[in-house]
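**Student:** Please find one structure pasted underneath; my questions will follow.
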Amino acid sequence: MKQLTTPISDEAIRDLKVGDSVALSGIMVTGRDAAHKWMIETFIKKTRAPQGEDMQVYEELKKLLNGSVIYHCGPVVAGLDTKEYKFIAAGPTTSIREEPYQADVMKHFNVKGVIGKGGMGPKTLKGCEETPGVYFHAIGGAASFLAQTVVKVHGVFKMDFGVPEAMWVIEVKDFPVVVTMDSHGGSQHSVIDDASKKVLDDLLEKPY
Amino acid sequence: MRDLTNEILELIRRTSSSLPPDVEKRLKESIEKEEPGSAARGALETIMKNIELSRTNSTPICQDTGTPIFQVHYPVGWSTIQLKKQIRAAMEQATKKSYMRPNAVDAVYDKNTGNNLGGDDFPYIHFEETESEELTIELMLKGGGCENVGRQYSLPDNTLGAGRDLAGVRKVVLDAVQKAQGKGCAPGVLGVSIGGDRGSSYIKSKEVLLSEMGTRNSDPKLAELEERLTSESNEMGIGPMGFGGKTTVLDTKIIGLSRLPASYFVSVSYMCWAYRRRKMTVKGEEVTYD
Ligand code: SF4
C-alpha cells in the first residue's frame, strides 16, 4: 500500500495507476451537492453574487484545496453544541451526482484527488488528466471505521448548508482508498463494466 | 396492552449497529477467496473492522441508516394502532440517540423531517395477525445506494431474450447484477420476486430478504436457481465495491407469487453488504432478540 500525505505533488499523482491502494493522511475538505453547486456558481461561473462571508471562505478554500483532496461525505458529527467536533460516522456518498461540477472545481482549485464511491464519468476523467488529479474510491458503508481515521476536525465552512452538506476541514491518518480513475485516462469502472458485460453476454447464451 | 417502546428502541439499536452473525460469517468467508494484497480483499478487511467497531461503540454500521422496514406478527388481542405508535416513538428516540440518521425527506417540499417520521409510510410497517402466542417484530434497514440499483423487468424482455419462464428470470437477474456493478456497495444479497403486480412484486422482493443467509426456497427448482444465480453473478468478476474480484453476490433469495395472465414481473432488490436485519420476540413477560 502506498502512503500519501496532502498536499500531493503532480509527480506523485502521475505515479498513481488504477488499482493502487493508498493510505491517505493530512488535511482534506468534505463537500457534496450543495458545496459543489455553490463553488461553481459563486466563484467559477460567477452566476451568483458572493454573499455574507463567501469571499473570506473562498480565500481560505483556495489555500486549503490547493494540492489537497475533496471528500464526498455527509458525516454524522458529535459536539455540535460545544464546537468540539468529532466525526462519528463518515463513509463516502455516491459521487456521480457531482459529475457536472467536479472537473471545473478540480482545475480551479488545483484539487489533486476526489474521494467518493461508485466512480465518476468522462468529464471528471478528463479533469483528472488536465489537473492532474485522481479519483480515490473509499469503502462504501465503512462509516465507523473511516470516522476513526479522522484524527482532528480543524473547522467547518458553510454550516448553513446543514451538517451533512457543510464543508468540514478534517485531518486524517491512513484513510484507505483505491485509485479507480487515474490521470492517464484509466478508469477501473469502465474496465470492470466492459469485462463483466462480456461475461454476461456469454452467460445469456448458455442454455437453461 | 404492554408498552414496548423501549424494547423496540433496543431492536433499532441492535439493527443499526450490529450486523447479524450469519451475514458477518459470509463476509468473513469471502475474504479468503480474494487475492492477498488485492483491492477487493482490502475492502473486505476494512468492512470487517467496521463491523466490529460499530458493534463495540453502538454506532451506525453505515451512516445511511436506510429505510426502516418493520414486519410485525401479532397474536390475537394486540392493538396495531398502539404498536404503530410505539414503533414511531422508538424511531424518534433512536434518531435522537444517533442510532439512526434523520432519513425521511418530504419528496414534494424537499425537507428532512429530522426525526425519521414521515407520513404514514415512513417507517414502513407491515402487520400480520398470527395464531401463535408470540409477538415478533422484525426490522430491516435498507440503504439508499443499494435501493437505487434495484430493478424491475416486465417479461418478455426482447433485448435480453428473456421469456416468461425461469430461464427468462435467470437472464434478467444476471442483467440487474451487471448493471449494478459495485454501486450498491457490493458484495450484496439479491432478493428476487417472480410475479405479482408492480407494487407487490417489489415489496416481496424485500420481504424475502428477512430470512437468514443460505435459507433456500422449499421448491427445489427455485432453490437450484438461487444457487446458480449466486455463482453466475460471481463469475462476472465485479467484486467488492466494483474493484474487481470474486465476491459480488453473497446469496440469492427467490420468492414466487401469483400473477395475472397478462403480466410477468420480475423484481430484483439489491441489499448491500450492510445487511442490517434483526428480530425481537415477546413471549409473556420475556423479550428476546436474535
Ligand atoms: S448501499 Fe448500504 S453500505 Fe452502501 S452507503 Fe448505502 S446503506 Fe451504506
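Labeling convention for the C-alpha cells: chains A, B, ... as they appear, residues from 1 per chain, ligands from 1 in order of appearance.
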Kindly determine which residues of chain A lie within 7 Å of chain B, considering only C-alpha atoms, and give the answer as a ChimeraX atom specification.

**Tutor:** /A:19,21,76,89-91,118,139-145,178,192-193,196-197,199-200,204,208

**Student:** I want to know what sits within 12 Å of Leu260 (chain B), based on only C-alpha atoms, with residues of the same chain fewer than 2 positions away left out; could you give that as a list in words?

**Tutor:**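 Counting only C-alpha atoms, the residues come to Ile194, Gly195, Gly196, Asp197, Arg198, Leu257, Ser258, Ala262, Ser263, Tyr264 and Phe265 of chain B.
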
**Student:** Please dump the current selection as a short mmCIF file (atom, residue, chain, number, x, y, z; two decimals), in the first residue's frame; keep all heavy atoms.

**Tutor:**
```
data_model
loop_
_atom_site.label_atom_id
_atom_site.label_comp_id
_atom_site.auth_asym_id
_atom_site.auth_seq_id
_atom_site.Cartn_x
_atom_site.Cartn_y
_atom_site.Cartn_z
N ILE B 194 -40.87 -13.21 -8.31
CA ILE B 194 -41.38 -13.54 -9.64
C ILE B 194 -42.89 -13.46 -9.58
O ILE B 194 -43.52 -14.16 -8.78
CB ILE B 194 -40.97 -14.97 -10.04
CG1 ILE B 194 -39.46 -15.17 -9.89
CG2 ILE B 194 -41.43 -15.29 -11.46
CD1 ILE B 194 -39.01 -16.63 -10.05
N GLY B 195 -43.48 -12.59 -10.40
CA GLY B 195 -44.93 -12.46 -10.42
C GLY B 195 -45.41 -11.26 -9.63
O GLY B 195 -44.66 -10.34 -9.34
N GLY B 196 -46.70 -11.28 -9.27
CA GLY B 196 -47.30 -10.16 -8.56
C GLY B 196 -47.62 -9.01 -9.49
O GLY B 196 -47.45 -9.11 -10.71
N ASP B 197 -48.09 -7.89 -8.91
CA ASP B 197 -48.18 -6.68 -9.72
C ASP B 197 -46.92 -5.87 -9.42
O ASP B 197 -46.09 -6.29 -8.63
CB ASP B 197 -49.47 -5.90 -9.42
CG ASP B 197 -49.55 -5.40 -7.99
OD1 ASP B 197 -48.51 -5.34 -7.30
OD2 ASP B 197 -50.67 -5.08 -7.53
N ARG B 198 -46.80 -4.69 -10.01
CA ARG B 198 -45.55 -3.95 -9.84
C ARG B 198 -45.27 -3.68 -8.36
O ARG B 198 -44.13 -3.77 -7.91
CB ARG B 198 -45.60 -2.64 -10.63
CG ARG B 198 -45.46 -2.87 -12.13
CD ARG B 198 -45.11 -1.56 -12.84
NE ARG B 198 -45.06 -1.71 -14.28
CZ ARG B 198 -43.96 -2.05 -14.95
NH1 ARG B 198 -42.82 -2.27 -14.32
NH2 ARG B 198 -43.99 -2.16 -16.26
N LEU B 257 -44.71 -15.65 -6.73
CA LEU B 257 -46.03 -15.11 -6.38
C LEU B 257 -47.04 -15.50 -7.46
O LEU B 257 -46.68 -16.08 -8.49
CB LEU B 257 -45.98 -13.59 -6.30
CG LEU B 257 -44.87 -12.95 -5.46
CD1 LEU B 257 -44.91 -11.44 -5.64
CD2 LEU B 257 -45.06 -13.30 -3.99
N SER B 258 -48.28 -15.12 -7.24
CA SER B 258 -49.27 -15.27 -8.30
C SER B 258 -49.17 -14.05 -9.21
O SER B 258 -48.79 -12.97 -8.78
CB SER B 258 -50.68 -15.31 -7.72
OG SER B 258 -50.73 -16.28 -6.71
N ALA B 262 -51.89 -11.65 -17.90
CA ALA B 262 -51.30 -10.67 -18.81
C ALA B 262 -49.90 -10.20 -18.40
O ALA B 262 -49.15 -9.66 -19.21
CB ALA B 262 -52.22 -9.46 -18.92
N SER B 263 -49.54 -10.36 -17.10
CA SER B 263 -48.28 -9.76 -16.61
C SER B 263 -47.30 -10.82 -16.15
O SER B 263 -47.69 -11.89 -15.68
CB SER B 263 -48.56 -8.84 -15.42
OG SER B 263 -49.57 -7.93 -15.70
N TYR B 264 -46.04 -10.49 -16.26
CA TYR B 264 -44.98 -11.36 -15.72
C TYR B 264 -43.85 -10.46 -15.26
O TYR B 264 -42.96 -10.12 -16.03
CB TYR B 264 -44.50 -12.35 -16.78
CG TYR B 264 -43.73 -13.54 -16.23
CD1 TYR B 264 -44.23 -14.84 -16.37
CD2 TYR B 264 -42.50 -13.37 -15.59
CE1 TYR B 264 -43.52 -15.93 -15.88
CE2 TYR B 264 -41.80 -14.46 -15.10
CZ TYR B 264 -42.31 -15.73 -15.25
OH TYR B 264 -41.61 -16.82 -14.76
N PHE B 265 -43.93 -10.03 -13.98
CA PHE B 265 -42.89 -9.14 -13.46
C PHE B 265 -41.82 -9.92 -12.72
O PHE B 265 -42.11 -10.91 -12.06
CB PHE B 265 -43.49 -8.11 -12.50
CG PHE B 265 -44.42 -7.15 -13.18
CD1 PHE B 265 -45.79 -7.18 -12.92
CD2 PHE B 265 -43.93 -6.23 -14.09
CE1 PHE B 265 -46.65 -6.31 -13.56
CE2 PHE B 265 -44.79 -5.35 -14.74
CZ PHE B 265 -46.15 -5.39 -14.48
#
```

**Student:** What's around region 60-70 of chain A at 8 Å? Count only C-alpha atoms, leave out sequence neighbours fewer than 5 positions away in its own chain, and write the answer as a ChimeraX atom specification.

**Tutor:** /A:6-9,27-31,109-115

**Student:** Tell me which of A:Lys117, A:Lys152, A:His137, A:Lys126 sits closest to Val177 (chain A), counting only C-alpha atoms.

**Tutor:**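 Ranked by minimum distance to Val177 (chain A), first place goes to A:His137.
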
**Student:** Could you pull out the residues in region 78-210 of chain B that DSSP calls strand (DSSP E or B) from the backbone, as a PyMOL selection string?

**Tutor:** chain B and resi 105-106+111-112+124-130+135-142+151-154+157+162+188-194

**Student:** List the neighbours of region 83-96 of chain B out to 9 Å using only C-alpha atoms; skip same-chain residues closer than 4 positions along the sequence, and give me the result as a VMD selection string.

**Tutor:** chain B and resid 3 to 10 12 to 13 68 70 72 78 to 79 100 to 102 114 to 117 122 to 123 125

**Student:** Report as JSON, numbers by chain all protein, DNA and RNA residues lying within 12 Å of Thr42 (chain A), evaluated on only C-alpha atoms, omitting residues in the same chain fewer than 2 positions from it.

**Tutor:** {"A": [34, 35, 36, 37, 38, 39, 40, 44, 45, 46, 47, 48, 49, 50, 51, 52, 53, 54, 55, 57, 58, 105]}

**Student:** For Pro176 (chain A), which residue out of A:His154, A:Gly116, A:Met159, A:Tyr101 is the nearest one, using only C-alpha atoms?

**Tutor:**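 Checking each of A:His154, A:Gly116, A:Met159, A:Tyr101 against Pro176 (chain A), counting only C-alpha atoms, the winner is A:Gly116.
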
**Student:** For the structure I just gave you, how does DSSP split region 27-126 of chain B - specifically, which residues are helix (DSSP H, G or I)? Reply as an NGL selection string.

**Tutor:** :B and (27-31 or 39-57 or 80-96)

**Student:** For CA of Cys73 (chain A) and CA of Glu171 (chain A), determine how far apart the two atoms are, in Å to one decimal place.

**Tutor:**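 Distance reported for this atom pair: 14.1 Å.
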
**Student:** Could you please determine the separation between CA of Pro122 (chain A) and CA of Glu147 (chain B) in Å, to one decimal place?

**Tutor:**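 These atoms are spaced 24.6 Å apart.
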
**Student:** May I ask which of the residues B:Lys28, B:Lys204, B:Arg164, B:Lys142 is the closest one to Thr247 (chain B), counting only C-alpha atoms?

**Tutor:**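 Ranking B:Lys28, B:Lys204, B:Arg164, B:Lys142 by distance to Thr247 (chain B), first place goes to B:Lys28.
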
**Student:** Work out how far CA of Pro261 (chain B) is from CA of Val208 (chain B), in Å to one decimal.

**Tutor:**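 Computing it gives 23.4 Å between the two atoms.
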
**Student:** From the options B:Asp157, B:Glu286, B:Cys146, B:Tyr270, which residue's atoms come nearest to ligand 1, counting only C-alpha atoms and all ligand atoms?

**Tutor:**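 When distances to ligand 1 are compared using only C-alpha atoms and all ligand atoms, the smallest one comes from B:Cys146.
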
**Student:** Would you please work out which residue, of B:Met280, B:Leu210, B:Val23, B:Met271, is nearest to ligand 1 when using only C-alpha atoms and all ligand atoms?

**Tutor:**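 Looking at the shortest contact to ligand 1, the residue is B:Met271.
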